[in-house]
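J.: Dumping the structure here so I can ask a few things about it.
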Number of protein chains: 2
Amino acid sequence: MKEGPDIAQIGALIGDPARANMLTALMGGKALTATELAAVGGITVQTASTHLAKLEAGHLLAQRKQGRHRYFTLADESVGKLLESIMGFAAGRGQLRHRPGPKEPALRKARICYDHLAGDYGVRMLDSLVARGAIDAVGDGLALTQAGESTLKCIGIDVHDLKSSRRPLCRSCLDWSERRAHLAGSLGKALLANFFEKGWARRTAGSRSVIFSPEGERQFLSLFPVEA
Amino acid sequence: MKEGPDIAQIGALIGDPARANMLTALMGGKALTATELAAVGGITVQTASTHLAKLEAGHLLAQRKQGRHRYFTLADESVGKLLESIMGFAAGRGQLRHRPGPKEPALRKARICYDHLAGDYGVRMLDSLVARGAIDAVGDGLALTQAGESTLKCIGIDVHDLKSSRRPLCRSCLDWSERRAHLAGSLGKALLANFFEKGWARRTAGSRSVIFSPEGERQFLSLFPVEA
DNA sequence: GCGATGCTTCGGTTACGATCGAAGTATGGA
DNA sequence: TCCATACTTCGATCGTAACCGAAGCATCGC
């Protein structure tokens with residue numbers, strides 16, 4: 001009867017709308033305070049506090065005290081991956097939350113998926129890297145090629161630094177809006193960080209969407225062309 | 001605020017213990033009746049009926065009427081994949097349901113994951129296929145090689161038949177007990193079916209575990225050796 | 001037709017958990 | 001020291017959904 005891991009527990013954790021909203025907000029990768037999370041959940045701070053305690057007990061969140069603030073983040077990358085995969089599943093059944101809201105288009109174009117770029121632009125970037133032979137793709141798997149290493153060096157990313165981390169360099173992540181893979185892993189993170197540093201793009205205040213500057217957009221599109 | 005797909009809904013569906021048990025049971029790949037599912041959920045048929053209706057409305061289950069029986073299965077492969085990925089996540093946090101039960105060892109050795117082989121033996125099989133060059137593995141991705149096609153022909157599987165289906169041939173699936181990949185996709189399904197046909201193994205009554213016959217086990221182990 | 005079986009629907013109870021007001025604890029600044 | 005801010009804990013309320021008994025359909029075998 002009772003076989004295997006307890007999926008009901010984490011299902012229940014994600015199953016509450018307020019908690020789901022908070023988790024979704026944390027997919028933006030930024031650490032948020034309890035008060036901020038209460039706002040996105042549409043509840044009071046007291047209620048949020050109990051929710052956050054539960055999520056932390058379930059090891060979905062981690063918190064870091066800083067002065068009188070308490071910053072919450074997703075516990076680790078695996079949580080982000082889990083959430084994105086559930087989103088992909090939900091999107092596949094056409095269970096979008098209500099009707100597409102005003103921010104939907106921006107979200108579909110470019111957004112943060114935990115710590116890397118997702119949406120149309122994220123998919124485009126991976127496609128382009130694969131097309132030029134910088135990344136090998138077999139099925140779902142991704143691997144950086146020799147040629148890819150030098151390509152990235154030109155962009156300004158030293159792959160050698162990334163390789164020291166225990167986290168995999170390339171990972172594919174199913175994009176819920178595009179229903180295709182985009183690039184995750186430490187390389188995906190480094191690329192997004194690189195775009196922010198260069199001023200090509202910036203995060204928005206209360207949302208996961210990523211806004212490109214006109215110049216940044218031009219650069220990005222020419223750096224990652226799509227074959228005709 | 002309300003961004004992206006509705007993960008709370010499917011979280012809630014999975015979050016109820018009775019429903020989670022039923023879904024887990026259906027991971028065995030066999031279609032089960034409402035009465036059987038009520039038993040695994042530990043509830044009466046009436047209650048099970050309402051649960052099943054909800055799961056069906058949420059597109060997690062499909063049902064097929066056959067005489068006065070109603071057979072329920074997972075809606076499609078994506079549901080199985082989602083559940084296994086949640087199990088993998090839960091297992092990773094050490095949130096096994098209680099303490100390992102008596103059936104746990106058998107389950108870890110060999111079990112059905114929706115329609116293919118998982119557990120120690122499932123992981124071993126994939127490792128062996130990769131080691132002999134029958135399958136290419138890059139990151140998470142898997143692809144059958146030319147050499148692999150003939151290997152499978154010897155085993156008694158005509159890959160050409162499988163290729164006609166829209167479902168991908170090779171897919172990697174994260175094994176919650178081994179925390180490594182095993183082989184899913186139509187090829188994974190065909191291999192397990194092949195073992196059943198040959199009488200090497202059989203499913204058990206109320207469980208996901210797969211029991212090998214002594215002879216079948218010998219054959220299996222020699223067919224999929226592990227390098228020293 | 002009739003009873004038996006498998007399942008669903010209805011009605012009413014119950015329990016759990018989400019919620020918030022109010023009070024309590026910690027940190028920072030003045 | 002004193003107050004303001006950030007957050008948690010307590011206590012109580014309330015709503016929802018899980019649950020089961022009983023009744024209602026549907027299908028099978030006879």
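By convention in this document, the chains of the structure tokens carry letters A, B, ... by their order, each chain's residues are numbered from 1, and ligands are numbered from 1 in the order they are shown.
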Which residues of chain C come within 9 Å of chain A, and what is each one's closest atom pair and distance in Å (one decimal), counting only C-alpha atoms (C1' of nucleotides), sorted by chain and residue number, as a tab-separated table?

T.:
residue	atom	partner	partner_atom	distance
C:DA18	C1'	A:Thr47	CA	7.8
C:DT19	C1'	A:Thr47	CA	6.6
C:DC20	C1'	A:Thr44	CA	7.4
C:DA26	C1'	A:Arg68	CA	7.3
C:DT27	C1'	A:Arg68	CA	5.0
C:DG28	C1'	A:Arg68	CA	7.5

J.: Take the residues from that selection and put them in a file with all heavy atoms, as a compact mmCIF listing (two decimals), in the first residue's frame.

T.:
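As a result, selection-v3.txt now contains:
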# COMPACT_ATOMS: atom_id res chain seq x y z
P DA C 18 -3.28 25.31 5.07
OP1 DA C 18 -3.14 24.28 4.04
OP2 DA C 18 -2.13 25.68 5.91
O5' DA C 18 -3.85 26.62 4.39
C5' DA C 18 -5.16 26.62 3.87
C4' DA C 18 -5.89 27.89 4.25
O4' DA C 18 -6.50 27.74 5.54
C3' DA C 18 -5.00 29.14 4.34
O3' DA C 18 -5.58 30.18 3.57
C2' DA C 18 -4.96 29.46 5.83
C1' DA C 18 -6.29 28.91 6.30
N9 DA C 18 -6.32 28.52 7.72
C8 DA C 18 -5.39 27.75 8.38
N7 DA C 18 -5.68 27.55 9.64
C5 DA C 18 -6.87 28.23 9.83
C6 DA C 18 -7.69 28.40 10.96
N6 DA C 18 -7.43 27.88 12.16
N1 DA C 18 -8.82 29.15 10.80
C2 DA C 18 -9.08 29.67 9.59
N3 DA C 18 -8.38 29.58 8.46
C4 DA C 18 -7.28 28.84 8.65
P DT C 19 -4.87 31.55 3.36
OP1 DT C 19 -5.36 32.10 2.09
OP2 DT C 19 -3.43 31.37 3.62
O5' DT C 19 -5.48 32.45 4.53
C5' DT C 19 -6.85 32.79 4.49
C4' DT C 19 -7.27 33.44 5.79
O4' DT C 19 -7.16 32.47 6.86
C3' DT C 19 -6.36 34.56 6.25
O3' DT C 19 -6.82 35.79 5.73
C2' DT C 19 -6.49 34.52 7.77
C1' DT C 19 -7.17 33.20 8.05
N1 DT C 19 -6.49 32.38 9.11
C2 DT C 19 -7.08 32.26 10.33
O2 DT C 19 -8.14 32.80 10.60
N3 DT C 19 -6.39 31.49 11.23
C4 DT C 19 -5.17 30.85 11.02
O4 DT C 19 -4.64 30.19 11.92
C5 DT C 19 -4.61 31.02 9.71
C7 DT C 19 -3.29 30.38 9.39
C6 DT C 19 -5.28 31.77 8.83
P DC C 20 -5.94 37.10 5.93
OP1 DC C 20 -6.37 38.05 4.89
OP2 DC C 20 -4.52 36.69 6.02
O5' DC C 20 -6.37 37.68 7.35
C5' DC C 20 -7.75 37.88 7.64
C4' DC C 20 -7.92 38.15 9.13
O4' DC C 20 -7.52 36.97 9.86
C3' DC C 20 -7.03 39.29 9.64
O3' DC C 20 -7.80 40.16 10.45
C2' DC C 20 -5.96 38.58 10.44
C1' DC C 20 -6.70 37.35 10.93
N1 DC C 20 -5.81 36.21 11.29
C2 DC C 20 -6.03 35.49 12.47
O2 DC C 20 -6.97 35.82 13.19
N3 DC C 20 -5.20 34.46 12.78
C4 DC C 20 -4.19 34.15 11.96
N4 DC C 20 -3.41 33.13 12.31
C5 DC C 20 -3.96 34.86 10.75
C6 DC C 20 -4.77 35.88 10.45
P DA C 26 13.61 37.02 21.88
OP1 DA C 26 14.26 35.69 21.82
OP2 DA C 26 13.66 37.84 23.10
O5' DA C 26 14.15 37.89 20.66
C5' DA C 26 14.32 37.28 19.40
C4' DA C 26 14.51 38.35 18.35
O4' DA C 26 13.41 39.28 18.44
C3' DA C 26 15.78 39.20 18.52
O3' DA C 26 16.51 39.11 17.32
C2' DA C 26 15.26 40.61 18.77
C1' DA C 26 13.90 40.56 18.13
N9 DA C 26 12.92 41.52 18.61
C8 DA C 26 12.32 41.57 19.84
N7 DA C 26 11.47 42.55 19.98
C5 DA C 26 11.51 43.19 18.75
C6 DA C 26 10.83 44.32 18.24
N6 DA C 26 9.94 45.02 18.94
N1 DA C 26 11.11 44.68 16.96
C2 DA C 26 11.99 43.98 16.27
N3 DA C 26 12.69 42.91 16.64
C4 DA C 26 12.39 42.57 17.90
P DT C 27 18.07 39.35 17.35
OP1 DT C 27 18.67 38.30 16.53
OP2 DT C 27 18.49 39.56 18.76
O5' DT C 27 18.23 40.73 16.57
C5' DT C 27 17.73 40.84 15.24
C4' DT C 27 17.48 42.28 14.92
O4' DT C 27 16.40 42.80 15.72
C3' DT C 27 18.66 43.22 15.18
O3' DT C 27 19.14 43.68 13.94
C2' DT C 27 18.08 44.35 16.04
C1' DT C 27 16.58 44.18 15.81
N1 DT C 27 15.70 44.69 16.88
C2 DT C 27 14.85 45.72 16.59
O2 DT C 27 14.78 46.24 15.50
N3 DT C 27 14.06 46.13 17.65
C4 DT C 27 14.06 45.61 18.92
O4 DT C 27 13.32 46.06 19.77
C5 DT C 27 14.99 44.54 19.15
C7 DT C 27 15.06 43.92 20.52
C6 DT C 27 15.76 44.12 18.14
P DG C 28 20.48 44.52 13.88
OP1 DG C 28 21.22 44.03 12.71
OP2 DG C 28 21.09 44.57 15.21
O5' DG C 28 19.94 45.98 13.55
C5' DG C 28 18.81 46.14 12.68
C4' DG C 28 18.37 47.58 12.72
O4' DG C 28 17.41 47.75 13.80
C3' DG C 28 19.50 48.57 12.97
O3' DG C 28 19.48 49.57 11.97
C2' DG C 28 19.23 49.13 14.37
C1' DG C 28 17.74 48.88 14.57
N9 DG C 28 17.40 48.57 15.95
C8 DG C 28 17.99 47.66 16.77
N7 DG C 28 17.46 47.59 17.96
C5 DG C 28 16.45 48.55 17.92
C6 DG C 28 15.54 48.94 18.94
O6 DG C 28 15.43 48.51 20.09
N1 DG C 28 14.69 49.95 18.48
C2 DG C 28 14.71 50.50 17.22
N2 DG C 28 13.82 51.45 16.98
N3 DG C 28 15.56 50.14 16.28
C4 DG C 28 16.40 49.16 16.70

J.: Give me, as a PyMOL selection string, the contact residues of chain A against chain B at a cut-off of 6 Å, counting only C-alpha atoms.

T.: chain A and resi 1+5-8+11-12+14-17+20+40+87+90-91+96-97+138-142

J.: Give me, as a tab-separated table, each residue of chain D that comes within 12 Å of chain B, together with its shortest interatomic pair and the distance in Å at one decimal, counting only C-alpha atoms (C1' of nucleotides), with rows ordered by chain and rising residue number.

T.:
residue	atom	partner	partner_atom	distance
D:DA17	C1'	B:Asp16	CA	10.4
D:DA18	C1'	B:Thr47	CA	7.9
D:DC19	C1'	B:Thr47	CA	6.6
D:DC20	C1'	B:Thr44	CA	7.4
D:DG21	C1'	B:Gln46	CA	9.9
D:DA22	C1'	B:Gln46	CA	11.1
D:DC25	C1'	B:Arg68	CA	11.3
D:DA26	C1'	B:Arg68	CA	7.2
D:DT27	C1'	B:Arg68	CA	5.0
D:DC28	C1'	B:Arg68	CA	7.3

J.: Export C-alpha atoms (C1' of nucleotides) of the chosen residues as an mmCIF file, in the first residue's frame?

T.:
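New file out.cif:
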data_model
loop_
_atom_site.group_PDB
_atom_site.id
_atom_site.type_symbol
_atom_site.label_atom_id
_atom_site.label_comp_id
_atom_site.auth_asym_id
_atom_site.auth_seq_id
_atom_site.Cartn_x
_atom_site.Cartn_y
_atom_site.Cartn_z
ATOM 1 C "C1'" DA D 17 -13.370 19.487 1.590
ATOM 2 C "C1'" DA D 18 -12.860 14.817 3.093
ATOM 3 C "C1'" DC D 19 -15.676 11.427 4.657
ATOM 4 C "C1'" DC D 20 -19.370 7.925 5.037
ATOM 5 C "C1'" DG D 21 -24.441 6.057 5.125
ATOM 6 C "C1'" DA D 22 -28.072 5.647 2.221
ATOM 7 C "C1'" DC D 25 -28.249 4.157 -11.799
ATOM 8 C "C1'" DA D 26 -26.152 1.021 -14.790
ATOM 9 C "C1'" DT D 27 -24.690 -3.549 -16.231
ATOM 10 C "C1'" DC D 28 -24.206 -8.407 -15.870
#

J.: Write out as a PyMOL selection string all residues of range 48-88 of chain A that backbone DSSP assigns to alpha helix (DSSP H).

T.: chain A and resi 48-57+77-88

J.: Give me a file of those residues, with all heavy atoms, as a compact mmCIF listing (two decimals), in the first residue's frame.

T.:
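The resulting file, selection-v8.txt, is shown below:
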# COMPACT_ATOMS: atom_id res chain seq x y z
N ALA A 48 1.21 34.64 6.33
CA ALA A 48 2.38 34.33 5.52
C ALA A 48 3.45 33.66 6.36
O ALA A 48 4.11 32.72 5.92
CB ALA A 48 2.92 35.60 4.88
N SER A 49 3.60 34.14 7.56
CA SER A 49 4.63 33.59 8.42
C SER A 49 4.43 32.10 8.67
O SER A 49 5.38 31.31 8.60
CB SER A 49 4.62 34.33 9.76
OG SER A 49 5.63 33.84 10.60
N THR A 50 3.19 31.71 8.93
CA THR A 50 2.94 30.29 9.16
C THR A 50 3.17 29.49 7.87
O THR A 50 3.72 28.40 7.91
CB THR A 50 1.51 30.04 9.66
OG1 THR A 50 0.60 30.40 8.63
CG2 THR A 50 1.21 30.86 10.89
N HIS A 51 2.75 30.06 6.76
CA HIS A 51 2.99 29.38 5.48
C HIS A 51 4.49 29.19 5.26
O HIS A 51 4.94 28.11 4.88
CB HIS A 51 2.41 30.19 4.32
CG HIS A 51 0.94 30.03 4.16
ND1 HIS A 51 0.32 28.81 4.09
CD2 HIS A 51 -0.05 30.95 4.04
CE1 HIS A 51 -0.98 28.98 3.95
NE2 HIS A 51 -1.24 30.28 3.92
N LEU A 52 5.23 30.25 5.49
CA LEU A 52 6.67 30.17 5.24
C LEU A 52 7.34 29.15 6.16
O LEU A 52 8.25 28.43 5.74
CB LEU A 52 7.29 31.56 5.42
CG LEU A 52 6.88 32.55 4.33
CD1 LEU A 52 7.28 33.97 4.72
CD2 LEU A 52 7.49 32.17 2.99
N ALA A 53 6.85 29.09 7.40
CA ALA A 53 7.40 28.10 8.32
C ALA A 53 7.16 26.69 7.79
O ALA A 53 8.04 25.82 7.84
CB ALA A 53 6.77 28.27 9.69
N LYS A 54 5.97 26.47 7.25
CA LYS A 54 5.65 25.14 6.71
C LYS A 54 6.53 24.82 5.51
O LYS A 54 7.03 23.70 5.37
CB LYS A 54 4.18 25.08 6.31
CG LYS A 54 3.25 24.90 7.49
CD LYS A 54 1.79 24.91 7.07
CE LYS A 54 0.92 25.01 8.32
NZ LYS A 54 -0.50 25.21 7.98
N LEU A 55 6.67 25.80 4.63
CA LEU A 55 7.49 25.56 3.44
C LEU A 55 8.94 25.29 3.82
O LEU A 55 9.62 24.47 3.18
CB LEU A 55 7.41 26.77 2.50
CG LEU A 55 6.07 26.94 1.78
CD1 LEU A 55 6.02 28.29 1.07
CD2 LEU A 55 5.86 25.82 0.79
N GLU A 56 9.38 25.95 4.87
CA GLU A 56 10.75 25.72 5.29
C GLU A 56 10.89 24.34 5.93
O GLU A 56 11.86 23.63 5.67
CB GLU A 56 11.18 26.81 6.28
CG GLU A 56 12.68 26.96 6.36
CD GLU A 56 13.08 27.88 7.48
OE1 GLU A 56 12.19 28.47 8.12
OE2 GLU A 56 14.29 27.98 7.73
N ALA A 57 9.90 23.97 6.73
CA ALA A 57 9.94 22.65 7.35
C ALA A 57 9.93 21.56 6.27
O ALA A 57 10.51 20.49 6.46
CB ALA A 57 8.75 22.48 8.28
N GLU A 77 18.41 24.50 -6.32
CA GLU A 77 18.02 24.46 -7.72
C GLU A 77 16.95 23.41 -7.99
O GLU A 77 16.09 23.58 -8.85
CB GLU A 77 19.26 24.17 -8.59
CG GLU A 77 19.04 24.42 -10.05
CD GLU A 77 20.14 23.76 -10.89
OE1 GLU A 77 20.91 22.96 -10.34
OE2 GLU A 77 20.20 24.06 -12.08
N SER A 78 16.99 22.32 -7.24
CA SER A 78 16.05 21.24 -7.52
C SER A 78 14.61 21.69 -7.28
O SER A 78 13.69 21.22 -7.95
CB SER A 78 16.38 20.02 -6.66
OG SER A 78 16.06 20.27 -5.31
N VAL A 79 14.42 22.61 -6.35
CA VAL A 79 13.08 23.12 -6.11
C VAL A 79 12.60 23.91 -7.33
O VAL A 79 11.48 23.74 -7.80
CB VAL A 79 13.04 24.02 -4.86
CG1 VAL A 79 11.63 24.55 -4.65
CG2 VAL A 79 13.50 23.25 -3.65
N GLY A 80 13.49 24.75 -7.85
CA GLY A 80 13.14 25.52 -9.03
C GLY A 80 12.80 24.61 -10.20
O GLY A 80 11.84 24.83 -10.93
N LYS A 81 13.58 23.58 -10.34
CA LYS A 81 13.34 22.64 -11.44
C LYS A 81 12.00 21.94 -11.27
O LYS A 81 11.25 21.77 -12.23
CB LYS A 81 14.47 21.61 -11.47
CG LYS A 81 14.87 21.27 -12.88
CD LYS A 81 15.91 20.18 -12.96
CE LYS A 81 15.82 19.56 -14.33
NZ LYS A 81 16.51 18.32 -14.46
N LEU A 82 11.73 21.54 -10.06
CA LEU A 82 10.44 20.89 -9.78
C LEU A 82 9.29 21.80 -10.14
O LEU A 82 8.35 21.41 -10.84
CB LEU A 82 10.36 20.50 -8.30
CG LEU A 82 9.04 19.87 -7.88
CD1 LEU A 82 8.91 18.47 -8.43
CD2 LEU A 82 8.88 19.88 -6.38
N LEU A 83 9.36 23.05 -9.68
CA LEU A 83 8.27 23.98 -9.92
C LEU A 83 8.09 24.24 -11.42
O LEU A 83 6.98 24.25 -11.92
CB LEU A 83 8.53 25.30 -9.18
CG LEU A 83 8.49 25.20 -7.66
CD1 LEU A 83 8.87 26.52 -7.02
CD2 LEU A 83 7.12 24.76 -7.18
N GLU A 84 9.20 24.44 -12.11
CA GLU A 84 9.08 24.70 -13.54
C GLU A 84 8.48 23.48 -14.25
O GLU A 84 7.71 23.62 -15.19
CB GLU A 84 10.45 25.05 -14.14
CG GLU A 84 10.42 25.44 -15.62
CD GLU A 84 10.00 26.89 -15.87
OE1 GLU A 84 9.81 27.63 -14.90
OE2 GLU A 84 9.84 27.25 -17.06
N SER A 85 8.82 22.28 -13.79
CA SER A 85 8.27 21.10 -14.45
C SER A 85 6.78 20.97 -14.18
O SER A 85 6.02 20.56 -15.04
CB SER A 85 9.03 19.84 -14.02
OG SER A 85 8.55 19.37 -12.80
N ILE A 86 6.36 21.37 -13.00
CA ILE A 86 4.92 21.35 -12.72
C ILE A 86 4.23 22.41 -13.56
O ILE A 86 3.15 22.18 -14.11
CB ILE A 86 4.65 21.58 -11.22
CG1 ILE A 86 5.26 20.44 -10.40
CG2 ILE A 86 3.15 21.65 -10.96
CD1 ILE A 86 5.07 20.60 -8.91
N MET A 87 4.87 23.56 -13.69
CA MET A 87 4.29 24.61 -14.54
C MET A 87 4.16 24.12 -15.98
O MET A 87 3.15 24.37 -16.63
CB MET A 87 5.17 25.85 -14.52
CG MET A 87 5.04 26.65 -13.25
SD MET A 87 5.99 28.17 -13.38
CE MET A 87 5.95 28.68 -11.68
N GLY A 88 5.19 23.45 -16.45
CA GLY A 88 5.14 22.93 -17.81
C GLY A 88 4.00 21.95 -17.97
O GLY A 88 3.26 21.99 -18.96

J.: Which residues are close to Asp158 in chain B, i.e. within 12 Å by only C-alpha atoms (C1' of nucleotides), leaving aside same-chain residues fewer than 2 positions away? Reply as a list in words.

T.: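 My reading of the contact set: Gly148, Glu149, Ser150, Thr151, Leu152, Lys153, Cys154, Ile155, Gly156, His160, Asp161, Leu162, Lys163, Ser164, Leu169, Ser186, Leu187, Ala190, Leu191 and Asn194 of chain B.
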
J.: For the residues selected in the previous step, produce a file with all heavy atoms as a tab-separated table (two decimals), in the first residue's frame.

T.:
chain	number	residue	atom	x	y	z
B	148	GLY	N	23.23	0.02	-31.35
B	148	GLY	CA	22.15	-0.30	-30.42
B	148	GLY	C	20.98	-0.97	-31.11
B	148	GLY	O	20.37	-1.89	-30.57
B	149	GLU	N	20.70	-0.52	-32.32
B	149	GLU	CA	19.57	-1.11	-33.04
B	149	GLU	C	19.74	-2.61	-33.25
B	149	GLU	O	18.82	-3.39	-33.06
B	149	GLU	CB	19.40	-0.43	-34.41
B	149	GLU	CG	18.80	0.96	-34.28
B	149	GLU	CD	18.09	1.40	-35.57
B	149	GLU	OE1	17.63	0.53	-36.34
B	149	GLU	OE2	18.01	2.61	-35.80
B	150	SER	N	20.96	-3.00	-33.62
B	150	SER	CA	21.17	-4.43	-33.84
B	150	SER	C	21.21	-5.21	-32.53
B	150	SER	O	20.73	-6.34	-32.46
B	150	SER	CB	22.46	-4.67	-34.65
B	150	SER	OG	23.48	-3.81	-34.24
B	151	THR	N	21.76	-4.56	-31.49
B	151	THR	CA	21.72	-5.20	-30.17
B	151	THR	C	20.29	-5.55	-29.80
B	151	THR	O	19.99	-6.67	-29.36
B	151	THR	CB	22.29	-4.25	-29.10
B	151	THR	OG1	23.63	-3.91	-29.45
B	151	THR	CG2	22.26	-4.90	-27.73
B	152	LEU	N	19.40	-4.59	-30.01
B	152	LEU	CA	18.00	-4.80	-29.62
B	152	LEU	C	17.33	-5.85	-30.50
B	152	LEU	O	16.47	-6.60	-30.04
B	152	LEU	CB	17.25	-3.48	-29.69
B	152	LEU	CG	17.64	-2.52	-28.57
B	152	LEU	CD1	17.11	-1.13	-28.82
B	152	LEU	CD2	17.11	-3.06	-27.25
B	153	LYS	N	17.75	-5.87	-31.75
B	153	LYS	CA	17.19	-6.88	-32.65
B	153	LYS	C	17.50	-8.27	-32.09
B	153	LYS	O	16.65	-9.17	-32.11
B	153	LYS	CB	17.79	-6.73	-34.05
B	153	LYS	CG	16.97	-7.46	-35.10
B	153	LYS	CD	16.89	-6.63	-36.38
B	153	LYS	CE	15.51	-6.62	-36.96
B	153	LYS	NZ	15.32	-5.55	-37.93
B	154	CYS	N	18.72	-8.46	-31.58
B	154	CYS	CA	19.10	-9.75	-30.98
B	154	CYS	C	18.20	-10.07	-29.79
B	154	CYS	O	17.80	-11.21	-29.59
B	154	CYS	CB	20.55	-9.72	-30.52
B	154	CYS	SG	21.71	-9.57	-31.88
B	155	ILE	N	17.90	-9.05	-29.00
B	155	ILE	CA	17.05	-9.27	-27.83
B	155	ILE	C	15.63	-9.63	-28.27
B	155	ILE	O	14.90	-10.32	-27.57
B	155	ILE	CB	17.05	-8.01	-26.93
B	155	ILE	CG1	18.45	-7.76	-26.39
B	155	ILE	CG2	16.07	-8.14	-25.79
B	155	ILE	CD1	18.58	-6.50	-25.55
B	156	GLY	N	15.26	-9.13	-29.42
B	156	GLY	CA	13.93	-9.45	-29.94
B	156	GLY	C	13.03	-8.24	-30.03
B	156	GLY	O	11.81	-8.36	-29.98
B	160	HIS	N	12.32	-0.45	-35.50
B	160	HIS	CA	11.60	0.23	-36.57
B	160	HIS	C	10.13	0.42	-36.23
B	160	HIS	O	9.54	1.47	-36.49
B	160	HIS	CB	11.74	-0.56	-37.87
B	160	HIS	CG	11.45	0.25	-39.08
B	160	HIS	ND1	12.33	1.23	-39.54
B	160	HIS	CD2	10.37	0.29	-39.89
B	160	HIS	CE1	11.80	1.80	-40.59
B	160	HIS	NE2	10.61	1.25	-40.83
B	161	ASP	N	9.54	-0.60	-35.63
B	161	ASP	CA	8.14	-0.51	-35.22
B	161	ASP	C	7.92	0.65	-34.25
B	161	ASP	O	6.93	1.38	-34.33
B	161	ASP	CB	7.70	-1.80	-34.53
B	161	ASP	CG	7.69	-2.97	-35.50
B	161	ASP	OD1	7.83	-2.73	-36.71
B	161	ASP	OD2	7.55	-4.12	-35.04
B	162	LEU	N	8.86	0.78	-33.33
B	162	LEU	CA	8.70	1.79	-32.28
B	162	LEU	C	8.83	3.20	-32.83
B	162	LEU	O	8.20	4.13	-32.35
B	162	LEU	CB	9.75	1.58	-31.19
B	162	LEU	CG	9.71	0.23	-30.49
B	162	LEU	CD1	10.82	0.14	-29.48
B	162	LEU	CD2	8.36	0.02	-29.82
B	163	LYS	N	9.67	3.32	-33.87
B	163	LYS	CA	9.93	4.66	-34.39
B	163	LYS	C	8.71	5.31	-35.00
B	163	LYS	O	8.63	6.53	-35.11
B	163	LYS	CB	11.04	4.60	-35.45
B	163	LYS	CG	12.43	4.58	-34.83
B	163	LYS	CD	13.49	4.59	-35.91
B	163	LYS	CE	14.89	4.65	-35.31
B	163	LYS	NZ	15.92	4.32	-36.32
B	164	SER	N	7.75	4.48	-35.41
B	164	SER	CA	6.56	5.04	-36.05
B	164	SER	C	5.72	5.83	-35.05
B	164	SER	O	5.01	6.76	-35.42
B	164	SER	CB	5.73	3.92	-36.67
B	164	SER	OG	5.41	2.96	-35.68
B	169	LEU	N	11.62	7.68	-28.51
B	169	LEU	CA	12.15	6.33	-28.36
B	169	LEU	C	12.85	6.17	-27.01
B	169	LEU	O	12.57	5.25	-26.26
B	169	LEU	CB	13.14	6.08	-29.50
B	169	LEU	CG	13.54	4.64	-29.81
B	169	LEU	CD1	12.33	3.84	-30.23
B	169	LEU	CD2	14.58	4.62	-30.92
B	186	SER	N	9.40	4.81	-25.41
B	186	SER	CA	8.79	3.60	-25.98
B	186	SER	C	9.76	2.42	-25.95
B	186	SER	O	9.34	1.27	-25.86
B	186	SER	CB	8.33	3.88	-27.41
B	186	SER	OG	9.43	4.26	-28.21
B	187	LEU	N	11.06	2.71	-26.00
B	187	LEU	CA	12.03	1.62	-25.93
B	187	LEU	C	12.05	1.00	-24.53
B	187	LEU	O	12.10	-0.23	-24.38
B	187	LEU	CB	13.43	2.13	-26.30
B	187	LEU	CG	14.53	1.09	-26.32
B	187	LEU	CD1	14.17	-0.06	-27.25
B	187	LEU	CD2	15.85	1.71	-26.75
B	190	ALA	N	9.08	-1.16	-24.32
B	190	ALA	CA	9.21	-2.39	-25.10
B	190	ALA	C	10.11	-3.40	-24.40
B	190	ALA	O	9.85	-4.61	-24.42
B	190	ALA	CB	9.77	-2.05	-26.49
B	191	LEU	N	11.17	-2.91	-23.78
B	191	LEU	CA	12.08	-3.82	-23.09
B	191	LEU	C	11.38	-4.53	-21.93
B	191	LEU	O	11.51	-5.74	-21.77
B	191	LEU	CB	13.31	-3.05	-22.59
B	191	LEU	CG	14.39	-2.84	-23.66
B	191	LEU	CD1	15.34	-1.72	-23.27
B	191	LEU	CD2	15.17	-4.13	-23.88
B	194	ASN	N	9.07	-7.03	-23.14
B	194	ASN	CA	9.85	-8.17	-23.62
B	194	ASN	C	10.21	-9.13	-22.49
B	194	ASN	O	10.12	-10.36	-22.63
B	194	ASN	CB	11.11	-7.65	-24.31
B	194	ASN	CG	11.93	-8.74	-24.96
B	194	ASN	OD1	12.86	-9.24	-24.33
B	194	ASN	ND2	11.59	-9.13	-26.17

J.: What is the distance, in Å and to one decimal place, between C1' of DG15 in chain D and C1' of DG11 in chain C?

T.: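 Taking C1' of DG15 in chain D as the start and C1' of DG11 in chain C as the end point, the length is 17.9 Å.
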
J.: Could you state the separation of CA of Phe195 in chain A and CA of Arg70 in chain A in Å, given to one decimal place?

T.: 28.3 Å

J.: Using Å and a single decimal, report how far CA of Tyr71 in chain B sits from CA of Thr35 in chain B.

T.: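 Those two atoms sit 9.8 Å apart.
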